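Listing of protein_37.cif; format and content: mmCIF, C-alpha atoms.
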data_target
#
loop_
_atom_site.label_atom_id
_atom_site.label_comp_id
_atom_site.auth_asym_id
_atom_site.auth_seq_id
_atom_site.Cartn_x
_atom_site.Cartn_y
_atom_site.Cartn_z
CA MET J 70 -8.74 -5.91 42.65
CA GLU J 71 -5.74 -3.58 42.70
CA ARG J 72 -5.40 -3.87 38.94
CA ILE J 73 -9.07 -3.10 38.39
CA LYS J 74 -8.65 0.07 40.46
CA ARG J 75 -5.99 1.25 38.03
CA PHE J 76 -8.60 1.17 35.28
CA LYS J 77 -11.45 2.65 37.31
CA TRP J 78 -11.89 5.65 35.02
CA SER J 79 -12.07 3.48 31.91
CA ILE J 80 -14.60 1.22 33.63
CA LEU J 81 -16.61 4.33 34.55
CA ILE J 82 -16.56 5.33 30.87
CA ILE J 83 -18.00 1.92 29.93
CA ILE J 84 -20.78 2.34 32.50
CA ILE J 85 -21.61 5.82 31.16
CA HIS J 86 -21.44 4.46 27.61
CA LEU J 87 -23.91 1.71 28.57
CA ILE J 88 -26.30 4.26 30.11
CA ILE J 89 -26.13 6.34 26.91
CA VAL J 90 -26.90 3.30 24.76
CA LEU J 91 -29.81 2.23 26.98
CA TYR J 92 -31.26 5.75 26.84
CA PHE J 93 -31.09 5.90 23.05
CA ASN J 94 -32.47 2.38 22.85
CA VAL J 95 -35.64 3.75 24.44
CA ILE J 96 -36.02 6.95 22.45
CA LEU J 97 -34.99 5.73 18.99
CA SER J 98 -37.56 4.11 16.74
CA SER J 99 -36.99 0.58 15.47
CA ASP J 100 -36.46 1.77 11.89
CA VAL J 101 -33.95 4.52 12.74
CA LEU J 102 -30.77 4.86 10.69
CA ILE J 103 -27.58 5.47 12.68
CA PRO J 104 -24.35 6.68 11.02
CA ARG J 105 -21.78 3.92 10.79
CA GLN J 106 -18.94 5.66 8.96
CA TRP J 107 -17.98 8.81 7.13
CA ASP J 108 -15.96 8.62 3.92
CA TYR J 109 -13.29 11.06 2.80
CA LYS J 110 -15.95 13.41 1.36
CA GLY J 111 -18.05 13.39 4.52
CA ASP J 112 -20.72 11.14 2.98
CA ILE J 113 -22.32 8.79 5.48
CA ALA J 114 -23.02 5.05 5.50
CA TYR J 115 -25.82 4.05 7.87
CA SER J 116 -26.68 0.96 9.89
CA GLY J 117 -29.81 -0.27 11.62
CA LYS J 118 -30.69 0.28 15.26
CA GLY J 119 -29.20 -2.91 16.69
CA PHE J 120 -25.77 -2.61 15.12
CA GLY J 121 -25.67 1.16 15.54
CA LEU J 122 -26.43 0.97 19.24
CA TRP J 123 -24.39 -1.98 20.42
CA PHE J 124 -21.36 -2.49 18.20
CA LEU J 125 -19.19 0.39 19.48
CA LEU J 126 -20.21 -0.23 23.09
CA ASN J 127 -19.22 -3.90 22.80
CA LEU J 128 -15.97 -2.95 21.08
CA ASN J 129 -15.22 -0.42 23.81
CA ALA J 130 -15.89 -2.94 26.58
CA PHE J 131 -13.76 -5.56 24.82
CA LEU J 132 -10.80 -3.17 24.50
CA VAL J 133 -10.97 -2.15 28.14
CA LEU J 134 -11.14 -5.80 29.21
CA ALA J 135 -8.19 -6.63 26.95
CA PHE J 136 -6.03 -3.96 28.59
CA VAL J 137 -7.10 -4.96 32.10
CA LEU J 138 -6.08 -8.56 31.36
CA PHE J 139 -2.91 -7.50 29.55
CA PRO J 140 -0.49 -9.19 32.04
CA LEU J 141 -2.15 -12.56 31.38
CA TYR J 142 -1.32 -12.72 27.68
CA SER J 143 1.61 -10.35 27.13
CA PRO J 144 4.98 -12.12 27.37
CA ARG J 145 6.79 -8.78 27.75
CA TYR J 146 4.73 -7.41 30.62
CA ARG J 147 7.03 -8.97 33.23
CA ARG J 148 10.06 -7.18 31.79
CA ASN J 149 8.78 -3.82 32.96
CA PRO J 150 5.46 -4.11 34.85
CA GLY J 151 5.81 -0.69 36.48
CA ARG J 152 6.08 1.12 33.19
CA PHE J 153 3.20 -0.83 31.66
CA ASP J 154 1.01 -0.13 34.68
CA SER J 155 1.78 3.58 34.49
CA ILE J 156 0.86 4.00 30.82
CA LEU J 157 -1.83 1.39 30.02
CA PRO J 158 -4.58 2.93 32.19
CA ASN J 159 -4.08 6.31 30.49
CA LEU J 160 -4.05 4.75 27.03
CA THR J 161 -7.17 2.73 27.84
CA PHE J 162 -8.99 5.79 29.15
CA ILE J 163 -8.19 7.88 26.06
CA VAL J 164 -9.33 5.18 23.63
CA SER J 165 -12.50 4.31 25.59
CA PHE J 166 -13.42 7.98 26.10
CA PHE J 167 -13.13 8.84 22.41
CA LEU J 168 -15.01 5.72 21.33
CA MET J 169 -17.85 6.80 23.64
CA ILE J 170 -17.80 10.40 22.37
CA ILE J 171 -17.74 9.33 18.71
CA HIS J 172 -20.62 6.93 19.37
CA LEU J 173 -22.57 9.65 21.17
CA TYR J 174 -22.05 11.93 18.19
CA MET J 175 -23.43 9.24 15.87
CA LEU J 176 -26.49 8.77 18.06
CA LEU J 177 -27.14 12.51 18.31
CA TRP J 178 -26.91 12.65 14.54
CA ALA J 179 -29.57 9.93 14.36
CA ILE J 180 -32.03 12.09 16.33
CA ASP J 181 -31.18 15.14 14.20
CA PHE J 182 -29.57 17.09 17.04
CA GLN J 183 -28.96 20.35 15.20
CA TYR J 184 -26.28 21.82 17.49
CA LEU J 185 -23.86 19.04 16.54
CA LYS J 186 -25.18 18.32 13.05
CA GLY J 187 -22.13 19.00 10.94
CA GLU J 188 -20.63 16.66 8.39
CA ASN J 189 -17.08 17.57 9.38
CA VAL J 190 -17.34 17.26 13.18
CA ILE J 191 -16.29 13.61 12.99
CA PHE J 192 -12.94 14.67 11.51
CA VAL J 193 -12.34 16.99 14.48
CA LEU J 194 -13.04 14.15 16.92
CA ILE J 195 -10.71 11.79 15.07
CA GLY J 196 -8.05 14.50 14.92
CA LEU J 197 -8.23 15.02 18.68
CA LEU J 198 -7.92 11.26 19.19
CA PHE J 199 -4.79 11.20 17.02
CA ILE J 200 -3.27 14.06 19.04
CA PHE J 201 -3.87 12.33 22.37
CA LEU J 202 -2.52 9.03 21.03
CA GLY J 203 0.52 10.89 19.72
CA ASN J 204 1.29 12.00 23.26
CA ILE J 205 0.92 8.44 24.58
CA LEU J 206 2.84 6.52 21.87
CA PRO J 207 6.39 7.48 22.97
CA LYS J 208 5.66 6.12 26.45
CA ILE J 209 4.45 2.64 25.43
CA PRO J 210 6.95 -0.10 26.30
CA SER J 211 7.83 -2.75 23.74
CA ASN J 212 5.03 -5.33 23.37
CA PHE J 213 3.25 -7.44 20.75
CA PHE J 214 -0.22 -5.88 21.03
CA ALA J 215 -0.12 -2.06 21.12
CA GLY J 216 2.00 0.45 19.24
CA VAL J 217 4.02 0.31 16.02
CA ARG J 218 4.72 -3.41 15.78
CA THR J 219 7.11 -4.13 12.94
CA PRO J 220 9.75 -6.88 12.76
CA TRP J 221 12.38 -4.22 13.46
CA THR J 222 10.76 -2.52 16.46
CA LEU J 223 9.93 -5.85 18.10
CA THR J 224 13.52 -7.10 17.94
CA SER J 225 15.23 -3.92 19.13
CA GLU J 226 14.42 -1.80 22.18
CA LYS J 227 16.31 1.12 20.66
CA ASN J 228 14.34 0.85 17.43
CA TRP J 229 11.07 0.63 19.37
CA HIS J 230 11.74 3.80 21.37
CA LYS J 231 13.03 5.84 18.43
CA THR J 232 10.17 4.77 16.18
CA HIS J 233 7.52 5.54 18.79
CA ARG J 234 9.01 8.92 19.58
CA VAL J 235 8.87 9.87 15.90
CA SER J 236 5.43 8.24 15.51
CA GLY J 237 4.13 10.38 18.37
CA PHE J 238 5.06 13.54 16.47
CA ALA J 239 3.53 12.06 13.31
CA PHE J 240 0.21 11.38 15.04
CA VAL J 241 0.08 14.89 16.47
CA ILE J 242 0.71 16.35 13.01
CA GLY J 243 -1.88 13.98 11.51
CA GLY J 244 -4.38 14.97 14.18
CA ILE J 245 -3.91 18.67 13.46
CA LEU J 246 -4.41 18.03 9.75
CA MET J 247 -7.62 16.08 10.46
CA ILE J 248 -8.93 18.92 12.62
CA ILE J 249 -8.19 21.37 9.79
CA ARG J 250 -10.22 19.06 7.52
CA GLY J 251 -13.10 19.49 9.95
CA PHE J 252 -13.17 23.27 9.57
CA ILE J 253 -12.45 23.65 5.88
CA HIS J 254 -14.77 22.44 3.14
CA PHE J 255 -12.71 20.61 0.52
CA THR J 256 -13.70 19.52 -2.96
CA SER J 257 -14.02 15.77 -3.52
CA THR J 258 -10.54 15.55 -5.03
CA LEU J 259 -8.90 17.53 -2.24
CA SER J 260 -10.80 15.51 0.37
CA LEU J 261 -9.51 12.29 -1.17
CA ILE J 262 -5.92 13.56 -1.28
CA HIS J 263 -6.09 14.96 2.25
CA THR J 264 -7.74 12.00 3.99
CA PHE J 265 -5.74 9.23 2.33
CA GLY J 266 -2.61 11.36 2.50
CA VAL J 267 -2.93 11.71 6.28
CA LEU J 268 -3.85 8.06 6.85
CA GLY J 269 -1.12 6.85 4.50
CA PHE J 270 1.41 9.05 6.28
CA LEU J 271 0.41 7.67 9.69
CA LEU J 272 0.47 4.09 8.41
CA PHE J 273 3.61 3.97 6.30
CA TYR J 274 5.93 6.60 7.78
CA PRO J 275 6.50 4.71 11.09
CA ILE J 276 7.11 1.47 9.15
CA ILE J 277 9.63 3.10 6.81
CA TYR J 278 11.30 4.92 9.69
CA SER J 279 11.67 1.73 11.76
CA TYR J 280 13.30 0.03 8.78
CA THR J 281 15.78 2.90 8.32
CA VAL J 282 16.66 2.65 12.02
CA PHE J 283 17.16 -1.10 11.55
CA LEU J 284 19.55 -0.47 8.65
CA GLN J 285 21.43 2.11 10.71
CA GLU J 286 21.77 -0.27 13.65
CA LYS J 287 22.93 -3.02 11.29
CA LYS J 288 25.55 -0.70 9.82
CA GLU J 289 26.75 0.36 13.27
CA LYS J 290 26.99 -3.27 14.34
CA ARG J 291 29.11 -4.16 11.32
CA GLY J 292 31.34 -1.18 11.99
CA GLY J 293 31.82 -2.28 15.60
CA GLU J 294 32.84 -5.75 14.56
CA LYS J 295 35.70 -4.51 12.39
#
Step by step, read the file and then write its structure as structure tokens.
Amino acid sequence: MERIKRFKWSILIIIIHLIIVLYFNVILSSDVLIPRQWDYKGDIAYSGKGFGLWFLLNLNAFLVLAFVLFPLYSPRYRRNPGRFDSILPNLTFIVSFFLMIIHLYMLLWAIDFQYLKGENVIFVLIGLLFIFLGNILPKIPSNFFAGVRTPWTLTSEKNWHKTHRVSGFAFVIGGILMIIRGFIHFTSTLSLIHTFGVLGFLLFYPIIYSYTVFLQEKKEKRGGEK
């Protein structure tokens, strides 16, 4: 019960998310098309009512449950339970909140809600998510399930902390660039370069950085043995 209380705000988000889905389940027609994804140009792929209503809610609930049950399956939780318990509720809340907001945006799009009907708004939401995650990343303790999990971060506490500190800055920068994409209309070529450039940067830079830290640690270890 005490652990559930730590995640009370995330659980509240799931309840609100469920209410939103039930409301739209009533007002949406059976043949409605709900946005499923936006590509780098802002073009939309749609899904039917069932998938569009329930997939993100189920994913959100699953992620919250996974974080609540984290001590049961994480072998590293017992190393530093206090630190995990201080950061996981915040991380869970941020992820669940943004999943709900992004889903709400998709559903409002489906009913042609003009005040939010903009092809680039989704990039602003994703950018904000990246910025919030960037502030959380440096605080995540070493584990096998969340964060930048490379062979080098998982075998070195020093590597883990350095990589996540740098990754936090990278996500903030990536988030700002995604928000800029939301306010500026790019050509197809620039959209492709921008979107895949940002995502590639966020994916590969932490991996490359963790490997360079590994090489540095290896060099320092050899120097200490001489």
For this session: Would you write out, as a ChimeraX atom specification, every residue that the PyMOL selection byres ((chain J and resi 212-218) around 8) captures in this file?
Result: /J:143-146,206,209-211,219-220,222-223,229,232-233,275-276
For this session: Pull out every residue that the PyMOL selection byres ((chain J and resi 194-203) around 9) matches in the shown coordinates and put them as a ChimeraX atom specification.
Result: /J:160,163-164,167,170-171,190-193,204-207,233-234,236-251
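From atom CA of J:Ile88 back to atom CA of J:Phe76, the distance works out to 18.7 Å.
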For this session: Name the residues captured by the PyMOL selection byres ((chain J and resi 87) around 10) when it is applied to the shown file; answer as a PyMOL selection string.
Result: chain J and resi 81-86+88-93+122-123+126-127+130+169
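As for atom CA of J:Trp221 and atom CA of J:Ser165, they are spaced 29.0 Å apart.
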Problem set entry | J:Leu176 environment, 7 Å, only C-alpha atoms, sequence neighbours closer than 4 positions dropped, as a VMD selection string | chain J and resid 103 172 180
For this session: Rounded to one decimal place, report the atom CA of J:Leu173-atom CA of J:Val267 distance in Å.
Result: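 For atom CA of J:Leu173 relative to atom CA of J:Val267, the distance reads 24.7 Å.
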